[in-house]
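What follows is the content of start.txt, which has compact mmCIF, C-alpha atoms and all ligand atoms:
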```
# COMPACT_ATOMS: atom_id res chain seq x y z
CA MET A 1 0.00 0.00 0.00
CA THR A 2 2.89 2.41 0.74
CA ASN A 3 5.33 3.02 -2.15
CA VAL A 4 9.10 3.23 -1.69
CA LYS A 5 9.16 7.02 -1.41
CA ASP A 6 6.53 6.97 1.32
CA SER A 7 7.83 3.92 3.13
CA PRO A 8 8.09 4.38 6.90
CA GLU A 9 11.92 4.47 6.78
CA ASN A 10 11.81 7.60 4.58
CA MET A 11 9.44 9.55 6.73
CA THR A 12 9.95 12.04 9.49
CA PRO A 13 9.08 10.60 12.94
CA PRO A 14 5.56 12.10 13.17
CA ASP A 15 4.61 10.66 9.78
CA ARG A 16 6.15 7.34 10.61
CA MET A 17 4.02 7.05 13.74
CA ALA A 18 0.87 7.44 11.70
CA VAL A 19 1.54 4.69 9.18
CA PRO A 20 -0.55 1.64 9.97
CA SER A 21 0.90 -1.77 9.42
CA THR A 22 -1.81 -3.49 7.41
CA ALA A 23 0.17 -6.71 7.58
CA LYS A 24 -0.23 -6.78 11.36
CA ALA A 25 -3.76 -5.37 11.56
CA PRO A 26 -6.33 -7.84 12.84
CA GLY A 27 -8.68 -9.27 10.25
CA THR A 28 -6.78 -8.00 7.24
CA ALA A 29 -5.80 -11.47 6.03
CA LEU A 30 -9.46 -12.30 5.49
CA TYR A 31 -10.80 -8.82 4.75
CA GLY A 32 -7.73 -7.24 3.17
CA ASN A 33 -9.45 -6.94 -0.21
CA ILE A 34 -12.08 -4.66 1.33
CA LEU A 35 -9.41 -2.32 2.65
CA GLY A 36 -7.61 -2.51 -0.69
CA GLU A 37 -10.60 -0.90 -2.39
CA MET A 38 -10.42 2.12 -0.11
CA PRO A 39 -8.34 5.28 -0.47
CA GLU A 40 -4.98 5.12 1.34
CA GLU A 41 -5.77 7.97 3.74
CA LEU A 42 -9.01 6.26 4.81
CA VAL A 43 -7.21 2.98 5.43
CA ALA A 44 -4.70 4.85 7.60
CA GLU A 45 -7.61 6.26 9.58
CA LEU A 46 -9.38 2.93 9.91
CA LEU A 47 -6.23 1.25 11.16
CA GLN A 48 -5.12 4.18 13.28
CA PRO A 49 -2.14 2.87 15.25
CA THR A 50 -1.91 3.11 19.03
CA LEU A 51 0.69 5.67 20.12
CA PRO A 52 3.40 4.12 22.28
CA ASN A 53 3.71 6.07 25.58
CA PRO A 54 1.60 9.10 24.67
CA ARG A 55 2.21 12.36 26.50
CA VAL A 56 -1.55 12.99 26.58
CA ARG A 57 -3.73 9.89 26.62
CA PHE A 58 -7.11 9.86 24.92
CA ARG A 59 -8.67 7.94 27.81
CA ASP A 60 -7.28 6.59 31.07
CA LEU A 61 -9.32 3.72 32.44
CA SER A 62 -7.11 3.06 35.46
CA VAL A 63 -8.46 3.57 38.98
CA GLN A 64 -5.83 5.76 40.62
CA ASP A 65 -7.62 6.78 43.81
CA PRO A 66 -6.37 4.28 46.48
CA GLU A 67 -9.47 4.70 48.64
CA LEU A 68 -11.83 3.99 45.73
CA ARG A 69 -9.70 1.01 44.69
CA ALA A 70 -9.85 -0.38 48.23
CA ARG A 71 -13.64 0.02 48.33
CA LEU A 72 -14.01 -1.68 44.96
CA LEU A 73 -11.84 -4.59 46.02
CA HIS A 74 -13.76 -4.84 49.27
CA VAL A 75 -17.12 -5.10 47.49
CA VAL A 76 -15.74 -7.83 45.21
CA ASP A 77 -14.46 -9.67 48.27
CA GLU A 78 -17.90 -9.37 49.92
CA LEU A 79 -19.60 -10.68 46.79
CA LEU A 80 -17.24 -13.65 46.59
CA ARG A 81 -17.99 -14.53 50.19
CA ASP A 82 -21.72 -14.06 49.64
CA GLY A 83 -21.78 -16.19 46.49
CA ARG A 84 -24.76 -14.54 44.77
CA LEU A 85 -22.80 -13.95 41.58
CA LEU A 86 -25.74 -14.13 39.17
CA MET A 87 -28.41 -11.41 39.42
CA GLY A 88 -29.36 -10.91 43.10
CA PRO A 89 -29.81 -7.83 45.29
CA ALA A 90 -26.82 -5.89 43.91
CA VAL A 91 -28.42 -5.91 40.44
CA GLU A 92 -31.81 -4.82 41.78
CA LYS A 93 -30.19 -1.93 43.68
CA TRP A 94 -28.15 -0.92 40.63
CA GLU A 95 -31.23 -0.95 38.40
CA ARG A 96 -33.09 1.30 40.84
CA LEU A 97 -30.13 3.69 40.96
CA ILE A 98 -29.88 4.02 37.16
CA ALA A 99 -33.64 4.39 36.66
CA ASP A 100 -33.93 7.08 39.34
CA TYR A 101 -30.91 8.98 38.06
CA CYS A 102 -32.24 9.06 34.50
CA GLY A 103 -35.85 9.76 35.41
CA ALA A 104 -37.35 6.50 34.10
CA ARG A 105 -39.64 4.06 35.93
CA TYR A 106 -37.70 0.88 35.21
CA CYS A 107 -34.17 -0.18 34.37
CA VAL A 108 -33.25 -3.62 33.07
CA GLY A 109 -29.54 -4.38 33.42
CA VAL A 110 -28.06 -6.18 30.42
CA SER A 111 -24.70 -7.30 29.11
CA SER A 112 -23.91 -4.39 26.74
CA GLY A 113 -25.22 -1.24 25.12
CA THR A 114 -25.61 -3.05 21.80
CA ASN A 115 -27.78 -5.68 23.44
CA ALA A 116 -29.75 -2.92 25.17
CA ILE A 117 -30.75 -1.41 21.79
CA TYR A 118 -31.51 -4.84 20.33
CA LEU A 119 -33.68 -5.87 23.29
CA ALA A 120 -35.56 -2.54 23.34
CA LEU A 121 -36.50 -3.05 19.67
CA ARG A 122 -37.59 -6.62 20.29
CA ALA A 123 -39.66 -5.62 23.33
CA PHE A 124 -41.68 -3.33 21.05
CA ASP A 125 -42.01 -6.04 18.38
CA ILE A 126 -39.96 -4.08 15.90
CA GLY A 127 -38.50 -6.59 13.47
CA PRO A 128 -38.81 -8.03 9.97
CA GLY A 129 -40.58 -5.73 7.51
CA ASP A 130 -40.11 -2.68 9.74
CA GLU A 131 -37.93 0.36 9.15
CA VAL A 132 -36.09 2.22 11.89
CA ILE A 133 -34.75 5.73 11.26
CA VAL A 134 -31.19 6.18 12.52
CA PRO A 135 -28.59 8.93 12.04
CA ALA A 136 -25.90 7.91 9.54
CA MET A 137 -23.26 8.98 12.05
CA SER A 138 -22.87 6.67 15.03
CA TRP A 139 -20.85 3.72 16.23
CA ILE A 140 -21.84 0.68 14.18
CA ALA A 141 -23.53 -0.92 17.23
CA THR A 142 -26.61 1.21 16.53
CA ALA A 143 -27.23 -0.15 13.02
CA ASN A 144 -26.20 -3.70 13.90
CA ALA A 145 -28.75 -3.87 16.73
CA VAL A 146 -31.52 -2.80 14.32
CA VAL A 147 -30.47 -5.35 11.72
CA LEU A 148 -30.10 -8.18 14.22
CA ALA A 149 -33.60 -7.42 15.51
CA GLY A 150 -34.68 -8.11 11.92
CA ALA A 151 -35.59 -4.54 10.95
CA THR A 152 -34.04 -2.28 8.30
CA PRO A 153 -32.08 0.82 9.32
CA VAL A 154 -32.86 3.92 7.26
CA PHE A 155 -29.87 6.22 7.52
CA VAL A 156 -30.61 9.95 7.64
CA ASP A 157 -28.43 13.03 7.68
CA VAL A 158 -27.05 14.78 10.76
CA GLY A 159 -26.81 18.45 11.66
CA ASP A 160 -23.63 20.36 12.48
CA ASP A 161 -24.00 19.14 16.08
CA LEU A 162 -23.45 15.59 14.68
CA ASN A 163 -26.93 14.56 15.88
CA ILE A 164 -29.89 13.41 13.81
CA ASP A 165 -31.43 16.12 11.63
CA VAL A 166 -35.13 16.06 12.50
CA SER A 167 -36.43 17.38 9.17
CA ASN A 168 -34.37 14.74 7.40
CA ALA A 169 -35.82 12.10 9.69
CA GLU A 170 -39.32 13.29 8.81
CA ALA A 171 -38.60 13.07 5.09
CA ALA A 172 -37.50 9.44 5.54
CA ILE A 173 -40.77 8.23 7.10
CA THR A 174 -42.62 5.61 5.06
CA PRO A 175 -45.61 3.37 5.86
CA ARG A 176 -43.07 0.79 7.11
CA THR A 177 -41.39 3.10 9.61
CA ARG A 178 -41.92 1.94 13.20
CA ALA A 179 -39.38 3.88 15.22
CA ILE A 180 -36.85 6.69 15.37
CA LEU A 181 -33.56 5.84 17.04
CA PRO A 182 -31.80 9.12 17.90
CA VAL A 183 -28.21 8.83 19.13
CA HIS A 184 -26.99 11.43 21.64
CA TYR A 185 -23.70 11.46 19.80
CA THR A 186 -20.47 12.49 21.57
CA GLY A 187 -22.61 12.83 24.72
CA ARG A 188 -24.71 15.70 23.40
CA LEU A 189 -28.50 15.59 23.71
CA CYS A 190 -30.54 15.44 20.52
CA ASP A 191 -33.46 17.79 20.04
CA MET A 192 -35.80 15.45 21.90
CA ILE A 193 -38.78 17.80 21.91
CA SER A 194 -38.88 17.93 18.10
CA ILE A 195 -38.21 14.20 17.85
CA GLY A 196 -41.02 13.44 20.32
CA THR A 197 -43.45 15.69 18.42
CA LEU A 198 -42.54 14.09 15.10
CA ALA A 199 -42.90 10.58 16.50
CA ALA A 200 -46.28 11.36 18.07
CA ARG A 201 -47.54 12.83 14.78
CA HIS A 202 -46.66 9.64 12.89
CA GLY A 203 -47.35 7.06 15.62
CA LEU A 204 -43.69 6.03 15.92
CA ARG A 205 -41.71 4.72 18.86
CA VAL A 206 -38.68 6.64 20.07
CA ILE A 207 -35.78 4.48 21.24
CA GLU A 208 -32.89 6.59 22.52
CA ASP A 209 -29.35 5.40 21.95
CA ALA A 210 -27.96 7.06 25.05
CA ALA A 211 -24.79 4.95 25.13
CA GLN A 212 -22.56 8.03 25.18
CA ALA A 213 -24.77 10.35 27.17
CA PHE A 214 -25.18 9.25 30.78
CA GLY A 215 -26.00 12.40 32.73
CA ALA A 216 -26.79 14.62 29.74
CA ALA A 217 -29.83 16.81 30.40
CA ASP A 218 -31.55 20.05 29.51
CA GLU A 219 -34.67 21.84 30.71
CA SER A 220 -36.85 19.27 28.93
CA GLY A 221 -35.37 16.18 30.61
CA ARG A 222 -32.49 13.76 30.99
CA ALA A 223 -30.93 11.31 28.52
CA GLY A 224 -32.77 8.04 29.00
CA GLY A 225 -35.96 9.67 30.21
CA PHE A 226 -37.37 10.91 26.88
CA GLY A 227 -38.17 7.93 24.70
CA ASP A 228 -40.41 4.85 24.88
CA ALA A 229 -37.13 3.15 25.73
CA ALA A 230 -33.51 4.16 26.10
CA ALA A 231 -30.36 2.11 25.77
CA PHE A 232 -27.17 2.81 27.70
CA SER A 233 -23.71 1.39 27.47
CA LEU A 234 -21.76 1.60 30.71
CA ASN A 235 -18.54 -0.04 29.63
CA PRO A 236 -15.21 1.31 30.94
CA MET A 237 -15.00 3.97 28.20
CA LYS A 238 -18.27 5.59 29.18
CA VAL A 239 -19.20 8.60 31.32
CA PHE A 240 -20.41 6.30 34.12
CA PRO A 241 -17.89 3.54 33.55
CA GLY A 242 -18.33 -0.05 34.58
CA PHE A 243 -15.40 -2.46 34.83
CA GLY A 244 -16.23 -4.61 31.83
CA GLU A 245 -19.13 -4.92 29.42
CA VAL A 246 -22.43 -3.65 30.81
CA GLY A 247 -25.58 -2.01 29.49
CA ALA A 248 -29.06 -0.94 30.54
CA VAL A 249 -32.52 -0.50 29.01
CA LEU A 250 -34.80 2.11 30.55
CA VAL A 251 -38.57 2.04 30.08
CA ASN A 252 -41.73 3.36 31.73
CA ASP A 253 -44.28 0.73 30.68
CA PRO A 254 -44.45 -2.14 33.22
CA LYS A 255 -45.46 -4.70 30.56
CA ILE A 256 -42.53 -3.76 28.36
CA CYS A 257 -40.29 -4.02 31.40
CA GLU A 258 -41.60 -7.51 32.10
CA ARG A 259 -40.98 -8.53 28.53
CA LEU A 260 -37.45 -7.14 28.65
CA ARG A 261 -36.73 -9.12 31.79
CA ALA A 262 -37.82 -12.28 29.97
CA LEU A 263 -35.92 -11.41 26.78
CA ARG A 264 -32.69 -10.76 28.65
CA TYR A 265 -32.68 -14.35 29.92
CA LEU A 266 -33.51 -16.73 27.09
CA GLY A 267 -37.11 -15.50 26.86
CA THR A 268 -37.98 -17.18 30.15
CA VAL A 269 -40.32 -16.45 32.99
CA ASN A 270 -39.01 -17.68 36.34
CA LYS A 271 -36.10 -19.20 34.43
CA GLU A 272 -37.91 -22.47 33.64
CA VAL A 273 -40.77 -21.39 31.34
CA CYS A 274 -39.67 -20.17 27.91
CA VAL A 275 -42.28 -17.87 26.40
CA GLU A 276 -40.27 -16.79 23.34
CA PRO A 277 -36.80 -17.51 22.00
CA SER A 278 -34.00 -15.22 23.10
CA LEU A 279 -30.34 -15.41 24.12
CA ASN A 280 -28.67 -14.79 27.45
CA HIS A 281 -28.14 -11.03 27.85
CA LYS A 282 -27.93 -10.77 31.63
CA ILE A 283 -25.82 -8.13 33.36
CA ASP A 284 -22.89 -9.39 35.47
CA THR A 285 -23.62 -9.01 39.17
CA ILE A 286 -20.01 -8.05 39.79
CA GLN A 287 -20.48 -5.00 37.53
CA ALA A 288 -23.55 -3.89 39.44
CA ALA A 289 -21.83 -4.31 42.80
CA MET A 290 -18.71 -2.37 41.76
CA MET A 291 -20.70 0.39 40.07
CA LEU A 292 -22.79 0.92 43.21
CA VAL A 293 -19.48 1.97 44.77
CA SER A 294 -18.04 3.95 41.85
CA TYR A 295 -21.29 5.88 41.44
CA ASP A 296 -19.94 8.16 44.20
CA VAL A 297 -17.31 9.55 41.83
CA VAL A 298 -19.51 10.04 38.76
CA GLU A 299 -20.63 13.56 39.61
CA PRO A 300 -17.15 14.96 40.43
CA ALA A 301 -15.78 13.29 37.29
CA LEU A 302 -18.55 14.87 35.23
CA VAL A 303 -17.89 18.31 36.68
CA ARG A 304 -14.19 17.96 35.86
CA ARG A 305 -15.01 16.78 32.34
CA LEU A 306 -17.11 19.90 31.78
CA GLU A 307 -14.36 22.18 33.15
CA LEU A 308 -11.85 20.65 30.76
CA ALA A 309 -14.28 20.88 27.83
CA ALA A 310 -14.86 24.57 28.61
CA ARG A 311 -11.09 25.11 28.65
CA TYR A 312 -10.73 23.45 25.24
CA CYS A 313 -13.60 25.54 23.85
CA GLN A 314 -12.10 28.79 25.07
CA ARG A 315 -8.72 28.03 23.47
CA LEU A 316 -9.90 26.38 20.25
CA LYS A 317 -13.08 28.18 19.21
CA ASP A 318 -11.32 30.49 16.72
CA LEU A 319 -9.07 27.77 15.30
CA VAL A 320 -11.31 24.80 14.50
CA GLY A 321 -14.97 23.76 14.48
CA CYS A 322 -15.76 23.34 18.17
CA PRO A 323 -18.75 22.01 20.16
CA ALA A 324 -20.81 24.57 22.09
CA ALA A 325 -19.07 25.42 25.37
CA PRO A 326 -20.77 24.43 28.64
CA ARG A 327 -22.11 27.57 30.31
CA SER A 328 -21.41 26.21 33.80
CA ALA A 329 -20.82 22.92 35.64
CA ALA A 330 -24.61 22.59 35.82
CA ASP A 331 -25.02 22.85 32.02
CA ARG A 332 -25.45 19.23 30.96
CA ARG A 333 -26.64 19.63 27.35
CA SER A 334 -23.51 17.67 26.57
CA VAL A 335 -21.47 15.48 28.90
CA PHE A 336 -18.60 15.48 26.37
CA PHE A 337 -18.18 11.76 26.09
CA ASP A 338 -15.98 12.87 23.20
CA PHE A 339 -14.59 16.34 22.59
CA THR A 340 -14.92 16.30 18.82
CA ILE A 341 -13.59 19.14 16.70
CA THR A 342 -13.90 19.54 12.94
CA THR A 343 -11.16 20.62 10.56
CA PRO A 344 -10.82 20.30 6.79
CA ARG A 345 -7.14 19.38 7.35
CA ARG A 346 -7.95 16.44 9.59
CA GLY A 347 -5.33 13.99 8.29
CA GLU A 348 -2.43 16.44 8.61
CA MET A 349 -3.61 17.67 12.00
CA ARG A 350 -3.93 14.12 13.30
CA ARG A 351 -0.38 13.25 12.27
CA PHE A 352 0.94 16.52 13.70
CA LEU A 353 -0.71 15.92 17.07
CA GLU A 354 0.41 12.29 17.17
CA GLY A 355 3.93 13.53 16.42
CA ARG A 356 3.66 15.57 19.62
CA GLY A 357 2.60 12.55 21.63
CA ILE A 358 -1.09 13.42 21.75
CA GLU A 359 -3.47 10.51 21.35
CA VAL A 360 -6.42 11.53 19.15
CA LYS A 361 -9.11 9.40 17.53
CA ILE A 362 -11.36 9.55 14.52
CA ARG A 363 -14.67 8.28 15.82
CA HIS A 364 -15.62 6.97 13.35
CA PRO A 365 -14.00 7.29 9.88
CA LEU A 366 -16.89 5.54 8.07
CA LEU A 367 -20.55 6.45 8.37
CA MET A 368 -22.70 3.44 9.19
CA SER A 369 -24.20 3.73 5.69
CA GLN A 370 -20.68 3.51 4.18
CA GLN A 371 -19.77 0.28 5.98
CA PRO A 372 -19.22 -2.68 3.65
CA ALA A 373 -21.93 -4.58 5.57
CA TYR A 374 -24.56 -1.97 4.67
CA ARG A 375 -23.63 -0.80 1.19
CA HIS A 376 -26.49 -2.85 -0.29
CA LEU A 377 -29.14 -0.78 1.51
CA ASP A 378 -30.99 2.03 -0.27
CA ARG A 379 -29.19 5.30 0.27
CA ARG A 380 -30.73 8.67 0.96
CA PRO A 381 -28.61 11.77 0.35
CA LEU A 382 -26.37 12.43 3.36
CA PRO A 383 -24.42 15.54 2.35
CA ASN A 384 -23.75 16.88 5.83
CA ALA A 385 -22.75 13.54 7.33
CA GLU A 386 -20.51 12.79 4.34
CA ARG A 387 -18.75 16.15 4.74
CA LEU A 388 -18.43 15.97 8.52
CA VAL A 389 -17.15 12.39 8.64
CA LYS A 390 -14.03 13.59 6.78
CA GLN A 391 -13.48 16.42 9.28
CA ILE A 392 -14.16 15.03 12.76
CA LEU A 393 -11.31 14.49 15.20
CA SER A 394 -11.77 13.62 18.87
CA LEU A 395 -9.28 15.07 21.34
CA PRO A 396 -8.19 13.53 24.65
CA LEU A 397 -10.77 14.10 27.36
CA HIS A 398 -11.11 12.40 30.74
CA GLU A 399 -11.22 13.58 34.31
CA LYS A 400 -7.60 12.67 35.05
CA LEU A 401 -6.19 15.22 32.58
CA THR A 402 -4.58 18.33 34.00
CA ASP A 403 -5.22 21.89 32.83
CA ASP A 404 -1.64 21.92 31.53
CA GLN A 405 -2.31 18.89 29.34
CA ILE A 406 -5.39 20.55 27.84
CA ASP A 407 -3.30 23.68 27.20
CA TYR A 408 -0.58 21.57 25.58
CA VAL A 409 -3.11 20.02 23.18
CA ALA A 410 -4.64 23.44 22.42
CA GLU A 411 -1.21 25.03 21.86
CA SER A 412 -0.25 22.18 19.55
CA ILE A 413 -3.42 22.76 17.50
CA SER A 414 -2.63 26.47 17.41
CA ASP A 415 0.93 25.67 16.22
CA PHE A 416 -0.47 23.39 13.54
CA CYS A 417 -2.87 26.09 12.36
CA SER A 418 -0.14 28.75 12.12
CA THR A 419 2.20 26.34 10.34
CA ALA A 420 -0.60 25.45 7.92
CA ALA A 421 -1.52 29.16 7.40
CA SER A 422 2.08 30.13 6.64
CA GLY A 423 2.24 27.28 4.13
CA ARG A 424 5.15 25.56 5.90
C1 LIG B 501 -23.51 5.36 20.17
C2 LIG B 501 -23.28 3.98 20.69
N1 LIG B 501 -24.27 3.08 20.62
C3 LIG B 501 -24.12 1.83 21.08
C4 LIG B 501 -22.94 1.42 21.66
C5 LIG B 501 -22.80 0.01 22.08
O1 LIG B 501 -22.46 -0.17 23.41
P1 LIG B 501 -21.63 -1.45 23.86
O2 LIG B 501 -20.23 -1.26 23.40
O3 LIG B 501 -21.76 -1.43 25.36
O4 LIG B 501 -22.27 -2.63 23.26
C6 LIG B 501 -21.88 2.32 21.76
C7 LIG B 501 -20.61 1.92 22.37
O5 LIG B 501 -19.65 2.61 22.37
C8 LIG B 501 -22.05 3.64 21.25
O6 LIG B 501 -21.06 4.52 21.31
```

In C-alpha cells, write the structure found in this file.
Amino acid sequence: MTNVKDSPENMTPPDRMAVPSTAKAPGTALYGNILGEMPEELVAELLQPTLPNPRVRFRDLSVQDPELRARLLHVVDELLRDGRLLMGPAVEKWERLIADYCGARYCVGVSSGTNAIYLALRAFDIGPGDEVIVPAMSWIATANAVVLAGATPVFVDVGDDLNIDVSNAEAAITPRTRAILPVHYTGRLCDMISIGTLAARHGLRVIEDAAQAFGAADESGRAGGFGDAAAFSLNPMKVFPGFGEVGAVLVNDPKICERLRALRYLGTVNKEVCVEPSLNHKIDTIQAAMMLVSYDVVEPALVRRLELAARYCQRLKDLVGCPAAPRSAADRRSVFFDFTITTPRRGEMRRFLEGRGIEVKIRHPLLMSQQPAYRHLDRRPLPNAERLVKQILSLPLHEKLTDDQIDYVAESISDFCSTAASGR
C-alpha cells in the first residue's frame, strides 16, 4: 500500500508514527481486499495505530484513587464470600439507581449497550418488515442492533452538532417506519422535543441510543428519560464507567419491562418457562456491585469533564470547528463523552498531534451507511454527514487530565494552524 518514497523508513518521525501496518492489523488477512478498495488515507484512519507512551492519553481507564480502589476490592471480596454472583440484590439496587438517576420508571440491566438497543427493539415487536430511522453517524452498534432485531435501518443526515437532523428524519418516514432511534452522539442531547413531536404525529416509537450520554440533560429532561425506551452502554469507556461490558434498558411501561426481563434471559419467565426464543443477555452481578461503589465519583468526574471541555472551547473556538461550550458545571446539554472538533485538514492535523505525543481518535472514519456490511441498503442523500465524517477528530478528554495537558493540546493545534496558514 505504501510506495518506496513513502515507506516508513523515509518519513519524518511524526509521519512514521501514523503509518498503519496493514500486515499486522487484525482481520486484514481475510478482509484485506475490502481495505484494498479504499483510499490510502481512509485505510490509515481505519487502522489508526496506538501511540506508544503518549504524552496525553485519549482515555485513562485506570483507577488511581487508592481509597476507591480499596472500596471496589472490598465489594468484590464481599460478593465472593456471599456467592450470589448471578443477578441478586446488587443488580436490583443498581437498576433502581440508574432508573432514578435518568428519570425512568424501570431499568433492566443487560450485558452491553448493543444488546440494550436490540432488546428494546424486540420488546416493542420491531422486526422483519419494519424500518427504523437512525442517524448515519454513530458507532456501528446502533445499526447492527436494528439489523439483528430483523428490521431495516434507514440512515438519515445529521446536523452540524453531529446529531440526527429532524427534518431529514421526517422526510424518511414511510408506511413501514416503526421507530426513530436518535443517538446522543459524543454525549450531546438530541433535540428530543422535536423528535417526540414528530414521532407522536406519525405514531412512531422513540428508542434513545444514550450509550454516550449518561448524565446529559436540559430543561426538557435527561438522557434516558425521553423515549419509549432508552439504551445505555456503561462499559469502561463511558461517562459512568463499569469495569467490563455492561448495558441498561430504561422504560416506563411495566409490561414492556416484564418482557425485557424475559428477553434478557432466554425468553424465560421464572427461568424455567420459555415464552419466546432469546439469548442470554444478563448483566454481570459483579459489575452492578462495583458500580454501586463507583457511582460516588460520577458527579465529580462529570464536573471535571465539563471544566476541561470549557477550557478546550475557550482556546480552540477560533481555530477549529468546536462544540458549544458548557455555560457552567450545571449545564449538561452535553457530557462530552468525546470532545470532537472539525477541521478540513484532519489527516495532517492528526499526524501533527500524534507527532507531539497526543493521542487523538477519529470516531468513526466511516458512516454506518458507508460500511461494507450496509452498502447494499438504499441510500438517501447524506451531504452533511458525508462532509463531517471527513473532518471530525476527537481530542483527549477524561477527568484525570490536567489543565496543563489541555493547554498543551490546544497550543499544539494552534501551532499546527499557524504552520498550515504560513504554508510551511
Ligand atoms: C452510540 C453507541 N451506541 C451503542 C454502543 C454500544 O455499546 P456497547 O459497546 O456497550 O455494546 C456504543 C458503544 O460505544 C455507542 O457509542

Open item on the list: Please determine, counting only C-alpha atoms, which residue among A:Glu78, A:Glu354, A:Glu67, A:Asp338 has the shortest atom-to-atom distance to Asp296 (chain A).
Closed with: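 Of the candidates, the smallest distance to Asp296 (chain A) is held by A:Glu67.
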
Task: Spatial neighbours of Pro326 (chain A), max dist 10 Å, only C-alpha atoms, sep filter under 5 positions, as a ChimeraX atom specification - done: /A:306-311,313,331-336

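The smallest atom-to-atom distance between Asp65 (chain A) and any of A:Gln405, A:Thr186, A:Ser294, A:Gln48, using all atoms listed in the file, is found for A:Ser294.
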
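Minimum atom-to-atom distances from A:Tyr312, A:Tyr101, A:Tyr118, A:Phe240 to Leu181 (chain A) were compared using only C-alpha atoms, and the lowest value belongs to A:Tyr118.
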
TODO: Give as a list in words the set of residues within 12 Å of the point (-31.4, -18.4, 32.1), where distances use the file's coordinates and all atoms listed in the file.
DONE: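 The requested residues, written out, are Leu86, Met87, Arg261, Ala262, Leu263, Arg264, Tyr265, Leu266, Gly267, Thr268, Val269, Asn270, Lys271, Glu272, Val273, Cys274, Pro277, Ser278, Leu279, Asn280, His281, Lys282 and Ile283 of chain A.
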
Per-axis box centre and lengths in Å around ligand LIG 501 (chain B), 5 Å margin per side, axis-aligned, as JSON:
```
{"center_x": -22.0, "center_y": 1.4, "center_z": 22.8, "size_x": 14.6, "size_y": 18.0, "size_z": 15.2}
```

Open item on the list: Please determine, counting all atoms listed in the file, which residue among A:Ala90, A:Ala324, A:Ala373, A:Leu393 has the shortest atom-to-atom distance to Arg188 (chain A).
Closed with: A:Ala324

Just add N, CA and C atoms to region 339-353 of chain A and send it as a PDB file, in the coordinates of the input.
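Written out: out_6.pdb:
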```
ATOM      1  N   PHE A 339     -14.725  14.934  22.990  1.00  0.00           N
ATOM      2  CA  PHE A 339     -14.590  16.340  22.590  1.00  0.00           C
ATOM      3  C   PHE A 339     -14.171  16.314  21.126  1.00  0.00           C
ATOM      4  N   THR A 340     -15.158  16.495  20.256  1.00  0.00           N
ATOM      5  CA  THR A 340     -14.920  16.300  18.820  1.00  0.00           C
ATOM      6  C   THR A 340     -14.877  17.636  18.098  1.00  0.00           C
ATOM      7  N   ILE A 341     -13.730  17.919  17.494  1.00  0.00           N
ATOM      8  CA  ILE A 341     -13.590  19.140  16.700  1.00  0.00           C
ATOM      9  C   ILE A 341     -13.753  18.779  15.226  1.00  0.00           C
ATOM     10  N   THR A 342     -13.912  19.796  14.381  1.00  0.00           N
ATOM     11  CA  THR A 342     -13.900  19.540  12.940  1.00  0.00           C
ATOM     12  C   THR A 342     -12.848  20.436  12.288  1.00  0.00           C
ATOM     13  N   THR A 343     -12.152  19.861  11.323  1.00  0.00           N
ATOM     14  CA  THR A 343     -11.160  20.620  10.560  1.00  0.00           C
ATOM     15  C   THR A 343     -11.053  20.005   9.164  1.00  0.00           C
ATOM     16  N   PRO A 344     -10.985  20.857   8.133  1.00  0.00           N
ATOM     17  CA  PRO A 344     -10.820  20.300   6.790  1.00  0.00           C
ATOM     18  C   PRO A 344      -9.439  19.675   6.577  1.00  0.00           C
ATOM     19  N   ARG A 345      -8.484  19.962   7.499  1.00  0.00           N
ATOM     20  CA  ARG A 345      -7.140  19.380   7.350  1.00  0.00           C
ATOM     21  C   ARG A 345      -6.920  18.277   8.378  1.00  0.00           C
ATOM     22  N   ARG A 346      -7.936  17.437   8.524  1.00  0.00           N
ATOM     23  CA  ARG A 346      -7.950  16.440   9.590  1.00  0.00           C
ATOM     24  C   ARG A 346      -6.737  15.496   9.581  1.00  0.00           C
ATOM     25  N   GLY A 347      -6.419  14.974   8.380  1.00  0.00           N
ATOM     26  CA  GLY A 347      -5.330  13.990   8.290  1.00  0.00           C
ATOM     27  C   GLY A 347      -4.009  14.591   8.750  1.00  0.00           C
ATOM     28  N   GLU A 348      -3.697  15.794   8.232  1.00  0.00           N
ATOM     29  CA  GLU A 348      -2.430  16.440   8.610  1.00  0.00           C
ATOM     30  C   GLU A 348      -2.414  16.788  10.097  1.00  0.00           C
ATOM     31  N   MET A 349      -3.570  17.287  10.582  1.00  0.00           N
ATOM     32  CA  MET A 349      -3.610  17.670  12.000  1.00  0.00           C
ATOM     33  C   MET A 349      -3.431  16.435  12.898  1.00  0.00           C
ATOM     34  N   ARG A 350      -4.049  15.344  12.504  1.00  0.00           N
ATOM     35  CA  ARG A 350      -3.930  14.120  13.300  1.00  0.00           C
ATOM     36  C   ARG A 350      -2.457  13.692  13.394  1.00  0.00           C
ATOM     37  N   ARG A 351      -1.782  13.681  12.257  1.00  0.00           N
ATOM     38  CA  ARG A 351      -0.380  13.250  12.270  1.00  0.00           C
ATOM     39  C   ARG A 351       0.490  14.217  13.084  1.00  0.00           C
ATOM     40  N   PHE A 352       0.179  15.513  12.955  1.00  0.00           N
ATOM     41  CA  PHE A 352       0.940  16.520  13.700  1.00  0.00           C
ATOM     42  C   PHE A 352       0.782  16.299  15.209  1.00  0.00           C
ATOM     43  N   LEU A 353      -0.459  16.097  15.636  1.00  0.00           N
ATOM     44  CA  LEU A 353      -0.710  15.920  17.070  1.00  0.00           C
ATOM     45  C   LEU A 353      -0.097  14.616  17.567  1.00  0.00           C
TER      46      LEU A 353
END
```
